[in-house]
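A.B. asks: For reference, the structure I am asking about is given below.
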Amino acid sequence: MYPAYAKWIQSHRDLPLRLNQWCNVVRWEFKHPQPFLRTREFLWQEGHTAFLTQPEADAEVLEILGYYRRVYEDLLAVPVIPGRKSEKEKFAGGLYTTTVEAFVPVTGRGIQGATSHCLGQNFAKMFNIVVEGANKEAQHVWQNSWGLTTRTIGVMVMVHGDNKGLVLPPRVAAQQVVVVPCGITVKTTQEQRDAIAAYTNQVVATLKKAGIRAKADTRDNYSPGYKFNHWEMRGVPLPPELIAHLDEMAGCVNAAFHEWVQAVTMKEGEAVDRVEKVARDAVVLEEAFFAAAGKAMEGEKVEKTMAAKVLEEARGAQPWMKVEDQGGMTANGPQG
(Lines give C-alpha, C1' and ligand atoms only; values in the text may rest on other atoms or scores of the structure.)
Protein backbone atom coordinates (compact mmCIF):
# COMPACT_ATOMS: atom_id res chain seq x y z
CA MET A 1 0.00 0.00 0.00
CA TYR A 2 2.68 2.50 0.94
CA PRO A 3 4.53 2.25 -2.40
CA ALA A 4 1.26 3.54 -3.89
CA TYR A 5 1.21 6.36 -1.31
CA ALA A 6 4.63 7.43 -2.55
CA LYS A 7 3.11 7.87 -6.03
CA TRP A 8 -0.16 9.45 -4.93
CA ILE A 9 1.38 12.00 -2.56
CA GLN A 10 3.63 14.54 -4.25
CA SER A 11 2.70 17.86 -2.69
CA HIS A 12 1.41 19.25 0.57
CA ARG A 13 -1.81 19.92 -1.36
CA ASP A 14 -2.33 16.15 -1.55
CA LEU A 15 -2.56 16.00 2.23
CA PRO A 16 -4.19 14.86 4.35
CA LEU A 17 -4.75 11.49 2.68
CA ARG A 18 -7.17 9.36 4.70
CA LEU A 19 -8.14 5.91 3.44
CA ASN A 20 -10.33 3.35 5.18
CA GLN A 21 -11.00 -0.23 4.12
CA TRP A 22 -12.88 -3.33 5.20
CA CYS A 23 -11.17 -6.58 4.27
CA ASN A 24 -10.38 -10.12 5.38
CA VAL A 25 -6.88 -10.87 6.60
CA VAL A 26 -5.16 -14.26 6.84
CA ARG A 27 -2.32 -14.76 9.32
CA TRP A 28 -0.48 -18.04 9.82
CA GLU A 29 2.17 -17.00 12.33
CA PHE A 30 0.50 -18.35 15.47
CA LYS A 31 -0.98 -21.54 16.91
CA HIS A 32 -4.13 -22.38 18.87
CA PRO A 33 -6.59 -19.90 17.31
CA GLN A 34 -9.68 -18.96 19.31
CA PRO A 35 -12.97 -18.08 17.60
CA PHE A 36 -13.50 -14.32 17.30
CA LEU A 37 -10.59 -13.50 19.62
CA ARG A 38 -7.57 -14.58 17.63
CA THR A 39 -8.23 -16.41 14.38
CA ARG A 40 -6.12 -17.06 11.34
CA GLU A 41 -8.62 -15.26 9.14
CA PHE A 42 -10.67 -12.33 10.34
CA LEU A 43 -12.62 -9.36 9.07
CA TRP A 44 -11.31 -5.98 10.08
CA GLN A 45 -11.68 -2.31 9.43
CA GLU A 46 -8.38 -0.49 9.08
CA GLY A 47 -7.33 3.00 8.15
CA HIS A 48 -4.09 4.40 6.76
CA THR A 49 -3.60 8.15 6.76
CA ALA A 50 -0.89 10.68 5.98
CA PHE A 51 -0.47 14.23 7.27
CA LEU A 52 1.92 17.09 6.81
CA THR A 53 2.61 17.66 10.53
CA GLN A 54 2.79 15.62 13.72
CA PRO A 55 0.11 17.61 15.60
CA GLU A 56 -2.40 16.68 12.87
CA ALA A 57 -1.44 13.02 13.16
CA ASP A 58 -1.60 13.11 16.96
CA ALA A 59 -5.09 14.62 16.88
CA GLU A 60 -6.39 11.90 14.57
CA VAL A 61 -4.91 9.12 16.71
CA LEU A 62 -7.04 10.21 19.66
CA GLU A 63 -10.07 10.94 17.47
CA ILE A 64 -10.10 7.38 16.10
CA LEU A 65 -9.46 5.91 19.55
CA GLY A 66 -12.52 7.81 20.75
CA TYR A 67 -14.61 6.25 17.98
CA TYR A 68 -13.45 2.77 18.99
CA ARG A 69 -14.28 3.47 22.60
CA ARG A 70 -17.79 4.51 21.56
CA VAL A 71 -18.24 1.26 19.59
CA TYR A 72 -17.57 -0.73 22.75
CA GLU A 73 -19.31 1.46 25.30
CA ASP A 74 -22.21 3.02 23.36
CA LEU A 75 -23.13 0.06 21.13
CA LEU A 76 -21.84 -3.07 22.86
CA ALA A 77 -22.16 -1.77 26.47
CA VAL A 78 -18.63 -2.96 27.23
CA PRO A 79 -16.55 -0.62 29.43
CA VAL A 80 -13.03 -0.12 28.14
CA ILE A 81 -9.93 1.64 29.39
CA PRO A 82 -8.19 3.88 26.83
CA GLY A 83 -4.45 4.30 27.13
CA ARG A 84 -1.05 4.05 25.55
CA LYS A 85 0.97 0.91 24.99
CA SER A 86 4.44 0.53 26.44
CA GLU A 87 7.44 0.69 24.14
CA LYS A 88 7.66 -3.10 24.11
CA GLU A 89 3.98 -3.51 23.24
CA LYS A 90 3.61 -0.79 20.62
CA PHE A 91 3.20 -1.52 16.92
CA ALA A 92 6.55 -2.58 15.47
CA GLY A 93 8.08 0.32 13.59
CA GLY A 94 5.56 2.84 14.88
CA LEU A 95 6.13 5.92 16.99
CA TYR A 96 3.53 5.03 19.62
CA THR A 97 0.34 2.96 19.97
CA THR A 98 -2.89 3.83 21.76
CA THR A 99 -5.45 1.20 22.71
CA VAL A 100 -8.79 0.50 24.34
CA GLU A 101 -8.61 -2.47 26.70
CA ALA A 102 -11.58 -4.49 27.91
CA PHE A 103 -11.88 -6.86 30.85
CA VAL A 104 -13.24 -10.41 30.67
CA PRO A 105 -14.68 -11.39 34.09
CA VAL A 106 -14.72 -15.14 33.34
CA THR A 107 -10.96 -15.30 32.79
CA GLY A 108 -9.93 -12.35 34.94
CA ARG A 109 -7.85 -11.02 32.08
CA GLY A 110 -7.72 -7.89 30.03
CA ILE A 111 -8.01 -8.02 26.26
CA GLN A 112 -7.01 -5.54 23.60
CA GLY A 113 -10.13 -4.11 21.99
CA ALA A 114 -8.78 -1.89 19.22
CA THR A 115 -5.66 0.13 18.46
CA SER A 116 -4.80 3.48 16.92
CA HIS A 117 -1.14 3.90 15.97
CA CYS A 118 0.97 6.92 15.16
CA LEU A 119 3.62 5.62 12.76
CA GLY A 120 5.57 8.86 12.83
CA GLN A 121 7.79 9.31 9.79
CA ASN A 122 9.36 5.86 10.00
CA PHE A 123 7.41 4.26 7.16
CA ALA A 124 7.54 7.43 5.09
CA LYS A 125 11.32 7.16 5.18
CA MET A 126 11.22 3.47 4.29
CA PHE A 127 8.92 3.98 1.31
CA ASN A 128 10.13 7.45 0.37
CA ILE A 129 6.80 9.21 0.86
CA VAL A 130 8.00 12.78 0.45
CA VAL A 131 6.13 16.01 -0.23
CA GLU A 132 7.16 19.49 -1.11
CA GLY A 133 6.01 21.77 1.67
CA ALA A 134 4.70 25.31 1.43
CA ASN A 135 8.27 26.51 1.97
CA LYS A 136 9.39 24.52 -1.10
CA GLU A 137 11.41 22.12 1.07
CA ALA A 138 11.03 18.34 0.82
CA GLN A 139 9.83 16.52 3.94
CA HIS A 140 8.51 13.10 4.92
CA VAL A 141 4.84 12.80 5.81
CA TRP A 142 3.48 11.77 9.20
CA GLN A 143 1.41 8.59 9.10
CA ASN A 144 -1.20 6.84 11.23
CA SER A 145 -2.73 3.39 11.13
CA TRP A 146 -5.72 2.14 13.11
CA GLY A 147 -7.96 -0.91 13.14
CA LEU A 148 -10.94 -2.73 14.65
CA THR A 149 -11.71 -6.41 14.08
CA THR A 150 -14.38 -9.04 14.66
CA ARG A 151 -12.76 -9.51 18.07
CA THR A 152 -15.38 -7.01 19.21
CA ILE A 153 -17.98 -9.76 18.86
CA GLY A 154 -15.94 -12.17 20.99
CA VAL A 155 -15.42 -9.55 23.69
CA MET A 156 -19.13 -8.71 23.78
CA VAL A 157 -20.07 -12.39 24.07
CA MET A 158 -17.61 -13.05 26.90
CA VAL A 159 -18.49 -9.91 28.86
CA HIS A 160 -22.29 -10.21 28.70
CA GLY A 161 -22.92 -13.92 28.15
CA ASP A 162 -24.09 -16.07 31.05
CA ASN A 163 -24.83 -19.72 31.79
CA LYS A 164 -28.10 -19.48 29.91
CA GLY A 165 -26.45 -18.46 26.65
CA LEU A 166 -25.77 -15.40 24.58
CA VAL A 167 -26.78 -11.99 25.92
CA LEU A 168 -26.92 -9.14 23.39
CA PRO A 169 -27.16 -5.43 24.24
CA PRO A 170 -30.40 -3.95 22.85
CA ARG A 171 -28.73 -1.63 20.35
CA VAL A 172 -27.04 -4.45 18.44
CA ALA A 173 -29.58 -7.25 18.96
CA ALA A 174 -31.16 -8.42 15.70
CA GLN A 175 -34.38 -9.08 17.65
CA GLN A 176 -35.00 -6.93 20.71
CA VAL A 177 -38.33 -8.56 21.61
CA VAL A 178 -39.81 -11.96 20.81
CA VAL A 179 -43.45 -12.58 21.71
CA VAL A 180 -44.33 -16.21 22.48
CA PRO A 181 -48.00 -17.29 22.72
CA CYS A 182 -48.49 -19.64 25.67
CA GLY A 183 -51.13 -21.92 27.09
CA ILE A 184 -52.46 -23.37 23.84
CA THR A 185 -53.57 -26.96 24.44
CA VAL A 186 -55.60 -29.62 22.66
CA LYS A 187 -58.66 -28.19 24.39
CA THR A 188 -58.12 -24.74 22.93
CA THR A 189 -60.78 -24.00 20.32
CA GLN A 190 -59.97 -22.62 16.91
CA GLU A 191 -61.73 -19.40 17.84
CA GLN A 192 -59.45 -19.01 20.86
CA ARG A 193 -56.38 -19.81 18.75
CA ASP A 194 -57.37 -17.13 16.26
CA ALA A 195 -57.88 -14.61 19.06
CA ILE A 196 -54.47 -15.42 20.53
CA ALA A 197 -52.79 -15.10 17.13
CA ALA A 198 -54.52 -11.80 16.47
CA TYR A 199 -53.46 -10.35 19.81
CA THR A 200 -49.91 -11.62 19.37
CA ASN A 201 -49.68 -9.91 16.01
CA GLN A 202 -51.17 -6.75 17.51
CA VAL A 203 -48.45 -6.61 20.16
CA VAL A 204 -45.70 -7.18 17.59
CA ALA A 205 -47.12 -4.60 15.18
CA THR A 206 -47.29 -1.99 17.94
CA LEU A 207 -43.71 -2.66 18.97
CA LYS A 208 -42.47 -2.44 15.37
CA LYS A 209 -44.34 0.82 14.90
CA ALA A 210 -42.45 2.17 17.90
CA GLY A 211 -39.15 1.31 16.20
CA ILE A 212 -38.51 -1.87 18.19
CA ARG A 213 -37.14 -4.93 16.41
CA ALA A 214 -39.81 -7.46 17.38
CA LYS A 215 -41.22 -10.71 16.08
CA ALA A 216 -43.72 -13.38 17.09
CA ASP A 217 -42.71 -17.00 17.46
CA THR A 218 -45.86 -18.78 16.34
CA ARG A 219 -44.30 -22.14 15.50
CA ASP A 220 -46.80 -24.83 16.46
CA ASN A 221 -44.33 -27.73 16.51
CA TYR A 222 -42.41 -26.48 19.54
CA SER A 223 -43.48 -25.89 23.13
CA PRO A 224 -43.23 -22.46 24.78
CA GLY A 225 -40.41 -23.73 26.98
CA TYR A 226 -38.42 -24.75 23.93
CA LYS A 227 -39.01 -21.33 22.39
CA PHE A 228 -37.94 -19.48 25.52
CA ASN A 229 -34.71 -21.44 25.62
CA HIS A 230 -34.23 -20.96 21.88
CA TRP A 231 -34.41 -17.17 22.06
CA GLU A 232 -32.63 -16.85 25.36
CA MET A 233 -29.63 -18.72 23.97
CA ARG A 234 -29.65 -16.33 21.00
CA GLY A 235 -29.39 -13.31 23.21
CA VAL A 236 -32.79 -11.62 22.86
CA PRO A 237 -32.54 -8.91 25.55
CA LEU A 238 -36.27 -8.48 26.19
CA PRO A 239 -38.39 -11.60 25.65
CA PRO A 240 -42.02 -11.01 26.77
CA GLU A 241 -44.16 -14.09 27.19
CA LEU A 242 -47.71 -13.75 25.95
CA ILE A 243 -50.17 -15.74 28.05
CA ALA A 244 -52.78 -17.50 25.92
CA HIS A 245 -55.74 -17.61 28.29
CA LEU A 246 -57.12 -14.26 27.26
CA ASP A 247 -60.61 -14.99 28.52
CA GLU A 248 -59.76 -16.85 31.74
CA MET A 249 -56.90 -14.55 32.84
CA ALA A 250 -58.42 -11.25 31.68
CA GLY A 251 -55.75 -11.01 29.00
CA CYS A 252 -52.55 -10.91 31.02
CA VAL A 253 -49.10 -10.61 29.53
CA ASN A 254 -46.12 -11.78 31.50
CA ALA A 255 -42.97 -9.90 30.51
CA ALA A 256 -39.95 -11.98 31.49
CA PHE A 257 -36.89 -9.77 31.42
CA HIS A 258 -33.29 -10.44 32.31
CA GLU A 259 -32.28 -10.52 35.95
CA TRP A 260 -31.65 -6.77 36.27
CA VAL A 261 -35.21 -5.92 35.19
CA GLN A 262 -37.98 -7.11 37.49
CA ALA A 263 -40.58 -9.38 35.91
CA VAL A 264 -44.03 -7.83 35.72
CA THR A 265 -47.55 -9.02 34.96
CA MET A 266 -49.85 -6.68 33.05
CA LYS A 267 -53.46 -6.58 31.99
CA GLU A 268 -54.26 -6.83 28.32
CA GLY A 269 -55.04 -3.13 27.92
CA GLU A 270 -51.72 -2.01 29.37
CA ALA A 271 -49.49 -4.81 28.11
CA VAL A 272 -48.45 -3.20 24.86
CA ASP A 273 -47.81 0.18 26.46
CA ARG A 274 -45.70 -1.29 29.27
CA VAL A 275 -43.60 -3.54 27.06
CA GLU A 276 -43.19 -0.77 24.53
CA LYS A 277 -42.06 1.67 27.20
CA VAL A 278 -39.39 -0.66 28.55
CA ALA A 279 -38.19 -1.81 25.14
CA ARG A 280 -38.13 1.66 23.65
CA ASP A 281 -35.97 2.98 26.45
CA ALA A 282 -32.90 1.25 25.09
CA VAL A 283 -30.72 3.63 27.05
CA VAL A 284 -31.95 2.17 30.34
CA LEU A 285 -31.27 -1.40 29.24
CA GLU A 286 -27.95 -0.40 27.69
CA GLU A 287 -26.93 1.26 30.95
CA ALA A 288 -27.87 -1.90 32.81
CA PHE A 289 -25.59 -3.95 30.58
CA PHE A 290 -22.81 -1.38 30.92
CA ALA A 291 -23.18 -1.13 34.69
CA ALA A 292 -23.06 -4.91 35.12
CA ALA A 293 -19.89 -5.18 33.03
CA GLY A 294 -18.32 -2.22 34.82
CA LYS A 295 -19.11 -3.70 38.23
CA ALA A 296 -17.42 -6.95 37.22
CA MET A 297 -14.35 -5.08 36.02
CA GLU A 298 -14.07 -2.90 39.13
CA GLY A 299 -14.49 -5.94 41.37
CA GLU A 300 -11.29 -7.42 39.96
CA LYS A 301 -9.12 -4.35 40.56
CA VAL A 302 -6.94 -4.80 43.62
CA GLU A 303 -4.13 -2.35 44.32
CA LYS A 304 -1.03 -4.44 45.06
CA THR A 305 2.67 -4.21 44.52
CA MET A 306 4.08 -6.41 41.79
CA ALA A 307 5.91 -8.50 44.38
CA ALA A 308 2.73 -9.12 46.35
CA LYS A 309 0.92 -9.98 43.16
CA VAL A 310 3.45 -12.66 42.30
CA LEU A 311 3.76 -14.05 45.81
CA GLU A 312 0.04 -14.18 46.52
CA GLU A 313 -0.91 -15.19 42.98
CA ALA A 314 -3.59 -12.51 43.03
CA ARG A 315 -4.81 -10.24 40.30
CA GLY A 316 -3.49 -6.73 40.72
CA ALA A 317 -3.57 -3.27 39.24
CA GLN A 318 -0.04 -1.89 38.90
CA PRO A 319 0.03 1.87 39.52
CA TRP A 320 0.85 4.00 36.47
CA MET A 321 1.70 7.66 36.19
CA LYS A 322 1.03 10.20 33.49
CA VAL A 323 3.84 11.31 31.23
CA GLU A 324 3.98 14.11 28.70
CA ASP A 325 5.47 13.02 25.40
CA GLN A 326 7.11 15.20 22.78
CA GLY A 327 3.86 15.71 20.94
CA GLY A 328 2.15 17.15 24.00
CA MET A 329 -0.12 14.14 24.44
CA THR A 330 -0.90 12.77 27.87
CA ALA A 331 0.00 9.09 27.98
CA ASN A 332 0.42 6.34 30.53
CA GLY A 333 3.80 5.12 31.68
CA PRO A 334 4.91 2.79 34.49
CA GLN A 335 6.19 4.25 37.69
CA GLY A 336 9.86 3.51 37.95
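Please note that chains go A, B, ... in the order of the C-alpha coordinates, that every chain numbers its residues from 1, and that ligands are numbered from 1 in the order shown.
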If we count only C-alpha atoms and set the cut-off at 12 Å, which residues sit around His230 (chain A), ignoring sequence neighbours fewer than 3 positions away in its own chain? Please answer as a PyMOL selection string.
C.D. replies: chain A and resi 164-166+178+180+217+219+222-227+233-236+239
A.B. asks: Output as a Markdown table one row per residue of region 115-226 of chain A within 9 Å of region 56-73 of chain A: the closest atom pair and its distance in Å to one decimal place, counting only C-alpha atoms, sorted by chain and residue number ascending.
C.D. replies:
```
| residue | atom | partner | partner_atom | distance |
| --- | --- | --- | --- | --- |
| A:Thr115 | CA | A:Leu65 | CA | 7.0 |
| A:Ser116 | CA | A:Val61 | CA | 5.6 |
| A:His117 | CA | A:Val61 | CA | 6.5 |
| A:Cys118 | CA | A:Val61 | CA | 6.5 |
| A:Leu119 | CA | A:Ala57 | CA | 9.0 |
| A:Gly120 | CA | A:Ala57 | CA | 8.2 |
| A:Trp142 | CA | A:Ala57 | CA | 6.4 |
| A:Gln143 | CA | A:Ala57 | CA | 6.6 |
| A:Asn144 | CA | A:Ala57 | CA | 6.5 |
| A:Ser145 | CA | A:Val61 | CA | 8.3 |
| A:Trp146 | CA | A:Ile64 | CA | 7.5 |
| A:Gly147 | CA | A:Tyr68 | CA | 8.8 |
| A:Leu148 | CA | A:Tyr68 | CA | 7.4 |
| A:Thr152 | CA | A:Tyr72 | CA | 7.5 |
| A:Met156 | CA | A:Tyr72 | CA | 8.2 |
```
A.B. asks: I'd like the neighbourhood of Phe127 (chain A) as a ChimeraX atom specification, where a residue qualifies if any of its atoms comes within 10 Å (using only C-alpha atoms), though same-chain residues fewer than 2 positions away should be ignored.
C.D. replies: /A:1-6,122-125,129-130,140
A.B. asks: Between A:Trp22, A:Phe42, A:Phe103, A:Phe30, which has the minimum distance to Ile81 (chain A) (counting only C-alpha atoms)?
C.D. replies: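 So, comparing all the options, the nearest one is A:Phe103.
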A.B. asks: Would you mind telling me which residue in A:Leu43, A:Val106, A:Ala138, A:Leu19 lies nearest to Ala293 (chain A) when using only C-alpha atoms?
C.D. replies: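 When distances to Ala293 (chain A) are compared using only C-alpha atoms, the smallest one comes from A:Val106.
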A.B. asks: Expressed in Å to a single decimal, how great is the separation between CA of Asn163 (chain A) and CA of Gly183 (chain A)?
C.D. replies: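 Distance between the two atoms: 26.8 Å.
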